[in-house]
$ cat model31.txt   # compact mmCIF, C-alpha atoms
# COMPACT_ATOMS: atom_id res chain seq x y z
CA MET A 1 -6.72 -84.49 38.45
CA LEU A 2 -4.39 -87.00 40.08
CA ARG A 3 -5.66 -90.26 41.47
CA ARG A 4 -3.63 -93.00 43.07
CA THR A 5 -4.30 -96.49 41.81
CA PRO A 6 -2.16 -99.64 41.76
CA GLY A 7 0.49 -99.63 39.06
CA CYS A 8 3.85 -101.15 38.22
CA LEU A 9 6.94 -98.98 38.19
CA LEU A 10 9.74 -99.23 35.65
CA ALA A 11 13.21 -97.81 36.05
CA VAL A 12 14.19 -96.11 32.79
CA PRO A 13 17.94 -95.56 32.28
CA ALA A 14 19.34 -93.87 29.18
CA PHE A 15 19.71 -96.94 27.02
CA ALA A 16 17.62 -99.70 28.58
CA LEU A 17 14.37 -100.32 30.33
CA PHE A 18 14.00 -102.83 33.13
CA ALA A 19 11.41 -103.75 35.70
CA ALA A 20 12.13 -102.25 39.09
CA ALA A 21 9.14 -102.43 41.42
CA CYS A 22 5.41 -102.24 41.76
CA GLY A 23 3.92 -99.14 43.34
CA ARG A 24 0.92 -96.83 43.33
CA GLU A 25 0.59 -94.01 40.87
CA SER A 26 -1.89 -92.74 38.36
CA GLY A 27 -2.68 -89.52 36.60
CA ALA A 28 -4.97 -88.56 33.77
CA ARG A 29 -4.04 -85.59 31.66
CA THR A 30 -7.58 -84.23 31.55
CA GLY A 31 -10.54 -84.09 33.89
CA ASP A 32 -11.74 -87.21 35.61
CA GLY A 33 -11.97 -89.25 32.40
CA GLU A 34 -15.60 -90.14 32.98
CA GLY A 35 -17.28 -87.13 31.46
CA GLY A 36 -16.45 -84.80 34.32
CA ASP A 37 -16.18 -81.03 34.07
CA GLY A 38 -13.57 -79.92 31.57
CA TYR A 39 -12.85 -83.33 30.03
CA ALA A 40 -11.75 -82.94 26.43
CA LEU A 41 -9.37 -84.59 24.00
CA GLU A 42 -6.48 -82.40 22.91
CA ALA A 43 -3.41 -83.04 20.78
CA ILE A 44 -0.47 -83.99 23.00
CA ARG A 45 2.09 -85.05 20.39
CA GLU A 46 2.35 -86.96 17.14
CA ALA A 47 2.56 -90.74 17.47
CA PRO A 48 6.07 -91.69 16.27
CA ALA A 49 6.35 -94.22 13.46
CA PHE A 50 7.38 -97.76 14.37
CA GLU A 51 8.03 -101.15 12.81
CA LEU A 52 7.71 -103.96 15.35
CA GLU A 53 7.24 -107.71 15.55
CA THR A 54 3.85 -108.95 16.73
CA LEU A 55 3.47 -111.77 19.22
CA ASP A 56 2.38 -113.90 16.25
CA GLY A 57 5.69 -113.26 14.48
CA ASP A 58 4.41 -110.84 11.84
CA THR A 59 5.66 -107.29 11.27
CA LEU A 60 3.43 -104.31 12.03
CA THR A 61 4.00 -100.64 11.27
CA LEU A 62 2.05 -97.64 12.44
CA ALA A 63 1.64 -96.57 8.81
CA SER A 64 -0.21 -99.82 8.06
CA LEU A 65 -2.90 -98.73 10.53
CA ASP A 66 -3.70 -95.46 8.75
CA SER A 67 -7.17 -96.72 7.85
CA ILE A 68 -8.08 -97.02 11.54
CA PRO A 69 -8.83 -93.52 12.91
CA VAL A 70 -8.72 -94.31 16.64
CA ILE A 71 -6.22 -96.63 18.33
CA LEU A 72 -5.79 -97.36 22.01
CA MET A 73 -2.16 -98.35 22.62
CA ASN A 74 -1.87 -100.29 25.86
CA PHE A 75 1.65 -100.84 27.23
CA TRP A 76 1.74 -104.00 29.35
CA ALA A 77 3.82 -106.90 30.66
CA SER A 78 2.97 -110.41 31.79
CA TRP A 79 4.55 -109.72 35.20
CA CYS A 80 2.40 -106.62 35.82
CA GLY A 81 -0.65 -107.54 37.90
CA PRO A 82 -2.70 -104.40 37.15
CA CYS A 83 -2.03 -104.91 33.43
CA LYS A 84 -3.69 -108.32 33.60
CA ILE A 85 -6.80 -106.83 35.19
CA GLU A 86 -7.30 -104.39 32.30
CA ILE A 87 -6.91 -106.83 29.43
CA PRO A 88 -10.42 -108.41 29.52
CA ASP A 89 -11.95 -104.91 29.42
CA LEU A 90 -9.70 -103.94 26.53
CA MET A 91 -10.76 -107.03 24.61
CA ALA A 92 -14.41 -106.11 25.15
CA LEU A 93 -13.80 -102.54 23.94
CA ASP A 94 -11.94 -103.80 20.88
CA GLU A 95 -14.87 -106.05 20.00
CA THR A 96 -17.53 -103.39 20.61
CA TYR A 97 -15.92 -100.46 18.81
CA GLY A 98 -13.80 -102.29 16.23
CA PRO A 99 -16.53 -102.05 13.55
CA LYS A 100 -16.72 -98.28 14.19
CA GLY A 101 -13.10 -97.50 13.30
CA PHE A 102 -11.26 -98.44 16.49
CA MET A 103 -8.70 -100.97 17.63
CA VAL A 104 -6.68 -101.84 20.70
CA LEU A 105 -2.97 -102.35 20.12
CA GLY A 106 -1.00 -103.98 22.91
CA VAL A 107 2.69 -103.16 23.34
CA THR A 108 4.77 -105.38 25.61
CA VAL A 109 7.32 -103.70 27.88
CA ASN A 110 10.40 -105.39 29.38
CA ASP A 111 8.89 -108.82 28.97
CA LEU A 112 10.37 -111.98 27.52
CA PRO A 113 8.49 -112.66 24.27
CA ARG A 114 7.76 -116.23 25.32
CA ASP A 115 6.21 -114.99 28.58
CA SER A 116 4.11 -112.45 26.68
CA ARG A 117 2.96 -115.10 24.22
CA ASP A 118 2.13 -117.58 26.97
CA PHE A 119 0.09 -114.99 28.83
CA ALA A 120 -1.70 -113.79 25.70
CA ALA A 121 -2.66 -117.39 24.93
CA GLU A 122 -3.75 -117.98 28.52
CA VAL A 123 -6.19 -115.05 28.54
CA GLY A 124 -7.25 -115.51 24.92
CA MET A 125 -6.05 -112.03 23.93
CA SER A 126 -8.10 -111.11 20.89
CA TYR A 127 -6.30 -107.97 19.76
CA VAL A 128 -2.87 -107.54 18.19
CA SER A 129 0.10 -107.01 20.49
CA VAL A 130 3.59 -106.01 19.42
CA ILE A 131 6.91 -106.44 21.17
CA GLY A 132 8.07 -103.00 22.31
CA THR A 133 11.72 -102.06 21.94
CA PRO A 134 13.68 -99.57 24.09
CA ARG A 135 13.94 -97.25 21.07
CA MET A 136 10.21 -97.30 20.45
CA LEU A 137 9.35 -96.81 24.12
CA GLU A 138 11.74 -93.86 24.36
CA SER A 139 10.26 -92.24 21.26
CA TYR A 140 6.78 -92.49 22.79
CA GLU A 141 7.99 -90.80 26.00
CA LEU A 142 6.50 -93.66 27.98
CA SER A 143 5.65 -93.10 31.61
CA PRO A 144 7.69 -95.22 34.04
CA TRP A 145 4.41 -96.71 35.31
CA LEU A 146 2.54 -99.68 33.89
CA PRO A 147 0.02 -100.03 32.57
CA THR A 148 0.09 -96.90 30.45
CA SER A 149 -2.42 -96.36 27.66
CA LEU A 150 -2.33 -93.82 24.84
CA LEU A 151 -5.34 -92.85 22.76
CA VAL A 152 -4.25 -92.07 19.21
CA LYS A 153 -6.60 -90.28 16.82
CA ASP A 154 -5.55 -89.85 13.19
CA GLY A 155 -1.90 -90.29 14.09
CA THR A 156 -1.91 -87.90 17.06
CA ILE A 157 -1.85 -88.85 20.75
CA VAL A 158 -4.87 -87.14 22.29
CA GLU A 159 -5.08 -88.81 25.70
CA GLU A 160 -2.76 -90.58 28.12
CA TRP A 161 -3.85 -92.79 30.99
CA ILE A 162 -1.19 -93.72 33.54
CA GLY A 163 -2.01 -96.68 35.75
CA PRO A 164 -4.97 -99.07 35.51
CA ARG A 165 -8.33 -97.56 34.66
CA PRO A 166 -11.92 -98.82 34.70
CA LYS A 167 -13.50 -99.81 31.41
CA GLU A 168 -15.93 -96.88 31.57
CA GLU A 169 -13.11 -94.36 31.59
CA PHE A 170 -11.48 -95.81 28.48
CA GLU A 171 -14.88 -96.12 26.83
CA TYR A 172 -15.80 -92.48 27.27
CA GLY A 173 -12.53 -91.31 25.70
CA ILE A 174 -12.98 -93.76 22.83
CA LYS A 175 -16.54 -92.58 22.18
CA VAL A 176 -15.48 -88.93 22.19
CA ALA A 177 -12.62 -89.70 19.77
CA LEU A 178 -14.98 -91.58 17.44
CA GLY A 179 -17.57 -88.81 17.57
CA LEU A 180 -20.07 -91.07 19.30
CA ALA A 181 -20.29 -88.86 22.41
CA PRO A 182 -19.68 -85.16 23.02
CA ALA A 183 -16.83 -84.04 25.25
CA ALA A 184 -18.02 -82.90 28.65
CA ALA A 185 -16.62 -79.42 27.97
CA ASP A 186 -18.87 -79.17 24.90
CA LEU A 187 -21.90 -80.24 26.91
CA MET A 188 -21.16 -77.56 29.47
CA ALA A 189 -20.82 -74.94 26.71
CA ASP A 190 -24.17 -76.00 25.23
CA GLU A 191 -25.86 -75.81 28.61
CA THR A 192 -24.39 -72.38 29.26
CA ALA A 193 -25.56 -71.14 25.86
CA ALA A 194 -29.04 -72.53 26.51
CA LEU A 195 -29.23 -70.78 29.85
CA ASP A 196 -28.05 -67.52 28.29
CA GLY A 197 -30.69 -67.91 25.62
CA ASP A 198 -33.37 -68.30 28.25
CA GLY A 199 -32.19 -65.08 29.87
CA ARG A 200 -31.20 -66.78 33.09

$ encode --input "model31.txt" --output "structure tokens"
Amino acid sequence: MLRRTPGCLLAVPAFALFAAACGRESGARTGDGEGGDGYALEAIREAPAFELETLDGDTLTLASLDSIPVILMNFWASWCGPCKIEIPDLMALDETYGPKGFMVLGVTVNDLPRDSRDFAAEVGMSYVSVIGTPRMLESYELSPWLPTSLLVKDGTIVEEWIGPRPKEEFEYGIKVALGLAPAAADLMADETAALDGDGR
């Protein structure tokens, strides 16, 4: 299902990424993302390894996050208006589901580190954010639209959201990945089986 929502467009040449324009584009890989018919999490591709600097100046690798089964990677920039709108919701999700084996990981895109740091301090960003590099962004096959979010479960990307999304849409995917909610497709299968059992 394709929906059009405000997003920021990046031009992506072979060896560099740079901001080009803001536009309108969005597309979820599955269903309507809110528990609609057919929504399910499926393996898209393995999440490539990385070693990146955090906004705090530390070094973070994907391997160091092995103990966290579900990670929402949110690609953002301080100049991207829709990205700013999502961040408070992402902070709330990180706080709510962090104790259950989840974390939000921000990845800056085509942003000066000082601008990213200033913005993170301004909004009180509570989750870790790393400074994305062209090599890392290419390996993740990043969409040219920001914000883009990837849901990673046990090292595998299982969902991709392109463009800004409401908190409820992220939350449903997170709950399914954590086993806290059934996928809509499973609910439909259960209902069908129940109806068959009743002879209807």

$ residues_around --input "model31.txt" --residues "Glu171 in chain A" --least-positions-apart "3" --cutoff "10 Å" --atoms "all atoms listed in the file" --output "PyMOL selection string"
chain A and resi 33-34+89-90+93+96-97+166-168+174-177

$ residues_around --input "model31.txt" --residues "range 61-66 of chain A" --least-positions-apart "4" --cutoff "7 Å" --atoms "all atoms listed in the file" --output "PDB file with C-alpha atoms, in the frame of the given file"
ATOM      1  CA  ALA A  49       6.350 -94.220  13.460  1.00  0.00           C
ATOM      2  CA  PHE A  50       7.380 -97.760  14.370  1.00  0.00           C
ATOM      3  CA  GLU A  51       8.030-101.150  12.810  1.00  0.00           C
ATOM      4  CA  LEU A  52       7.710-103.960  15.350  1.00  0.00           C
TER       5      LEU A  52
END

$ atom_distance --input "model31.txt" --atom1 "CA of Phe102 in chain A" --atom2 "CA of Gly124 in chain A"
19.5 Å

$ closest_residue --input "model31.txt" --among "A:Gly98, A:Pro134, A:Pro147, A:Pro88" --to "Asn110 in chain A" --atoms "all atoms listed in the file"
A:Pro134

$ atom_distance --input "model31.txt" --atom1 "CA of Ile44 in chain A" --atom2 "CA of Thr108 in chain A"
22.2 Å

$ atom_distance --input "model31.txt" --atom1 "CA of Leu112 in chain A" --atom2 "CA of Pro82 in chain A"
17.9 Å

$ residues_near_point --input "model31.txt" --point "(0.2, -90.0, 15.7)" --cutoff "8 Å" --atoms "all atoms listed in the file" --output "list of chain:residue names"
A:Arg45, A:Glu46, A:Ala47, A:Pro48, A:Ala49, A:Val152, A:Lys153, A:Asp154, A:Gly155, A:Thr156, A:Ile157

$ closest_residue --input "model31.txt" --among "A:Leu151, A:Cys83, A:Val70, A:Val107" --to "Leu137 in chain A" --atoms "only C-alpha atoms"
A:Val107

$ closest_residue --input "model31.txt" --among "A:Pro99, A:Cys8, A:Leu41, A:Leu72" --to "Glu159 in chain A" --atoms "only C-alpha atoms"
A:Leu41
